[in-house]
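Trainee: This is the structure, below, for whatever I ask next.
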Amino acid sequence: MRDRKRTLIGLSALLAAGVAACGGSSSSSNSATWSNLTRVTVSAVQPSVNQPPGDKPNRVVFTTPQQLQTVTKALNADHIQKASHATSDTGCAGGIQIAIVVTQKGGKTTRLGAYRCGTTTTGDIAGNLNGFLTRTGVRVA
């Protein structure tokens, strides 16, 4: 439990630092407008569960023009953006770590992270995360 929490805290700090270093991609007023995307990666892993050998974490990479059009619409429709302030896990065990990495033309990368446990989601992702995951077909176990 202590190692998992330390890992999550470190990952949250790393994600926040990465987003701050990139300057984010939108304001915190839920008016995000994503455009000119070249790659979007969405992953969902359950860090408290050891994966069976050969089993890969749920990771979806969007790179084709049609995929990028779909994910851009989903990001905008669900107002996905960096939250004005990150929230942290309150000690819940057994949750799912969700990461979204958005790369725009010119190489600008925005990293967002969330931890979902039960009905609570913490992290630095603002917007309708459930709607975004549903629109893009990303399965969260």
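In the structure tokens, the first chain shown is A, the next is B, and so on; residue numbers restart at 1 for each chain, and ligands run from 1 in the order shown.
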Against segment 129-134 of chain A, which residues of segment 41-101 of chain A fall within 10 Å? For each one I want the closest pair of atoms and the distance in Å (one decimal), counting only C-alpha atoms, rows by chain and increasing residue number, as JSON lines.
Mentor:
{"residue": "A:Val42", "atom": "CA", "partner": "A:Leu133", "partner_atom": "CA", "distance": 8.7}
{"residue": "A:Ala44", "atom": "CA", "partner": "A:Leu133", "partner_atom": "CA", "distance": 9.9}
{"residue": "A:Val71", "atom": "CA", "partner": "A:Phe132", "partner_atom": "CA", "distance": 8.4}
{"residue": "A:Lys73", "atom": "CA", "partner": "A:Phe132", "partner_atom": "CA", "distance": 9.4}
{"residue": "A:Ala74", "atom": "CA", "partner": "A:Phe132", "partner_atom": "CA", "distance": 5.5}
{"residue": "A:Leu75", "atom": "CA", "partner": "A:Phe132", "partner_atom": "CA", "distance": 6.4}
{"residue": "A:Asn76", "atom": "CA", "partner": "A:Phe132", "partner_atom": "CA", "distance": 9.1}
{"residue": "A:Ala77", "atom": "CA", "partner": "A:Phe132", "partner_atom": "CA", "distance": 8.0}
{"residue": "A:Asp78", "atom": "CA", "partner": "A:Phe132", "partner_atom": "CA", "distance": 5.8}
{"residue": "A:His79", "atom": "CA", "partner": "A:Leu129", "partner_atom": "CA", "distance": 8.7}
{"residue": "A:Ile80", "atom": "CA", "partner": "A:Leu129", "partner_atom": "CA", "distance": 7.0}
{"residue": "A:Gln81", "atom": "CA", "partner": "A:Leu129", "partner_atom": "CA", "distance": 9.8}
{"residue": "A:Ile98", "atom": "CA", "partner": "A:Leu129", "partner_atom": "CA", "distance": 9.5}
Trainee: Restricting it to N, CA and C atoms, dump the selection as an mmCIF file, in the first residue's frame.
Mentor:
data_model
loop_
_atom_site.group_PDB
_atom_site.id
_atom_site.type_symbol
_atom_site.label_atom_id
_atom_site.label_comp_id
_atom_site.auth_asym_id
_atom_site.auth_seq_id
_atom_site.Cartn_x
_atom_site.Cartn_y
_atom_site.Cartn_z
ATOM 1 N N VAL A 42 -4.022 7.192 -24.691
ATOM 2 C CA VAL A 42 -4.833 7.081 -23.485
ATOM 3 C C VAL A 42 -4.571 5.705 -22.900
ATOM 4 N N ALA A 44 -5.121 3.107 -19.305
ATOM 5 C CA ALA A 44 -5.804 2.852 -18.040
ATOM 6 C C ALA A 44 -5.220 1.574 -17.452
ATOM 7 N N VAL A 71 -10.856 11.624 -31.684
ATOM 8 C CA VAL A 71 -10.366 11.956 -30.343
ATOM 9 C C VAL A 71 -10.386 13.467 -30.110
ATOM 10 N N LYS A 73 -12.627 15.570 -31.352
ATOM 11 C CA LYS A 73 -14.033 15.870 -31.060
ATOM 12 C C LYS A 73 -14.376 15.463 -29.625
ATOM 13 N N ALA A 74 -13.892 14.304 -29.193
ATOM 14 C CA ALA A 74 -14.182 13.833 -27.838
ATOM 15 C C ALA A 74 -13.536 14.735 -26.785
ATOM 16 N N LEU A 75 -12.278 15.115 -26.991
ATOM 17 C CA LEU A 75 -11.598 16.019 -26.048
ATOM 18 C C LEU A 75 -12.366 17.327 -25.910
ATOM 19 N N ASN A 76 -12.805 17.882 -27.040
ATOM 20 C CA ASN A 76 -13.519 19.158 -27.023
ATOM 21 C C ASN A 76 -14.941 19.016 -26.477
ATOM 22 N N ALA A 77 -15.655 17.970 -26.897
ATOM 23 C CA ALA A 77 -17.039 17.774 -26.449
ATOM 24 C C ALA A 77 -17.106 17.565 -24.936
ATOM 25 N N ASP A 78 -16.111 16.886 -24.381
ATOM 26 C CA ASP A 78 -16.115 16.579 -22.951
ATOM 27 C C ASP A 78 -15.246 17.541 -22.141
ATOM 28 N N HIS A 79 -14.769 18.603 -22.798
ATOM 29 C CA HIS A 79 -14.011 19.672 -22.124
ATOM 30 C C HIS A 79 -12.819 19.134 -21.335
ATOM 31 N N ILE A 80 -12.092 18.185 -21.928
ATOM 32 C CA ILE A 80 -10.926 17.607 -21.258
ATOM 33 C C ILE A 80 -9.781 18.610 -21.323
ATOM 34 N N GLN A 81 -9.205 18.897 -20.168
ATOM 35 C CA GLN A 81 -8.106 19.846 -20.062
ATOM 36 C C GLN A 81 -7.423 19.687 -18.714
ATOM 37 N N ILE A 98 -5.386 6.592 -14.885
ATOM 38 C CA ILE A 98 -5.691 6.962 -16.266
ATOM 39 C C ILE A 98 -4.726 8.064 -16.691
#
Trainee: Need to verify the contact set: segment 62-65 of chain A, 6 Å, only C-alpha atoms, exclusion of same-chain residues closer than 2 positions in sequence. Can you return it as a PDB file with N, CA and C atoms, in the first residue's frame?
Mentor:
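Final file, selection-v4.pdb:
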ATOM      1  N   ARG A  39      -0.913  13.056 -32.263  1.00  0.00           N
ATOM      2  CA  ARG A  39      -0.922  11.768 -31.560  1.00  0.00           C
ATOM      3  C   ARG A  39      -1.587  11.971 -30.200  1.00  0.00           C
ATOM      4  N   VAL A  40      -2.437  11.019 -29.830  1.00  0.00           N
ATOM      5  CA  VAL A  40      -3.036  11.016 -28.497  1.00  0.00           C
ATOM      6  C   VAL A  40      -2.953   9.584 -27.979  1.00  0.00           C
ATOM      7  N   GLN A  67      -8.828   8.721 -36.683  1.00  0.00           N
ATOM      8  CA  GLN A  67      -8.728   8.548 -35.233  1.00  0.00           C
ATOM      9  C   GLN A  67      -8.520   9.894 -34.537  1.00  0.00           C
ATOM     10  N   LEU A  68      -7.649  10.719 -35.113  1.00  0.00           N
ATOM     11  CA  LEU A  68      -7.365  12.029 -34.511  1.00  0.00           C
ATOM     12  C   LEU A  68      -8.588  12.938 -34.569  1.00  0.00           C
TER      13      LEU A  68
END
Trainee: What is the atom CA of Gln69 of chain A to atom CA of Thr121 of chain A distance in Å?
Mentor: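 If I compute the distance from atom CA of Gln69 of chain A to atom CA of Thr121 of chain A, I get 26.4 Å.
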Trainee: Report, in Å to a single decimal, how far apart atom CA of Arg59 of chain A and atom CA of Thr103 of chain A are.
Mentor: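 Going from atom CA of Thr103 of chain A over to atom CA of Arg59 of chain A covers 15.7 Å.
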Trainee: Do a neighbour search on Gly123 of chain A at 7 Å with only C-alpha atoms, toss out local chain neighbours closer than 3 positions, and write the hits as a list in words.
Mentor: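 With the cut-off at 7 Å, the set is Ser12, Ala86, Thr87, Ser88, Gly113, Ala114 and Tyr115 of chain A.
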Trainee: Restricting the output to C-alpha atoms, write the selected residues as a PDB file, in the first residue's frame.
Mentor:
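Heads up, here's the output in selection_13.pdb:
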ATOM      1  CA  SER A  12       1.076  12.821 -10.055  1.00  0.00           C
ATOM      2  CA  ALA A  86      -4.765  18.852  -9.014  1.00  0.00           C
ATOM      3  CA  THR A  87      -6.513  16.802  -6.358  1.00  0.00           C
ATOM      4  CA  SER A  88      -4.889  13.835  -4.660  1.00  0.00           C
ATOM      5  CA  GLY A 113      -3.412  12.055 -15.199  1.00  0.00           C
ATOM      6  CA  ALA A 114      -6.242  10.827 -13.000  1.00  0.00           C
ATOM      7  CA  TYR A 115      -6.829   8.122 -10.424  1.00  0.00           C
TER       8      TYR A 115
END
Trainee: So which one's closest to Gly106 of chain A, A:Ser84, A:Thr38, A:Thr119, A:Thr72? Using only C-alpha atoms, please.
Mentor: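 Using only C-alpha atoms, the shortest distance to Gly106 of chain A belongs to A:Thr38.
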Trainee: Among segment 31-99 of chain A, which residues does DSSP mark as strand (DSSP E or B) when it is run on the backbone? Keep the chain and numbering as in the structure and answer as JSON, numbers by chain.
Mentor: {"A": [37, 38, 39, 40, 41, 42, 43, 44, 45, 58, 59, 60, 61, 62, 81, 82, 83, 84, 85, 86, 87, 96, 97, 98, 99]}
Trainee: Rounded to one decimal in Å, what is the spacing between atom CA of Gly107 of chain A and atom CA of Trp34 of chain A?
Mentor: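 So the two atoms, atom CA of Gly107 of chain A and atom CA of Trp34 of chain A, lie 14.1 Å apart.
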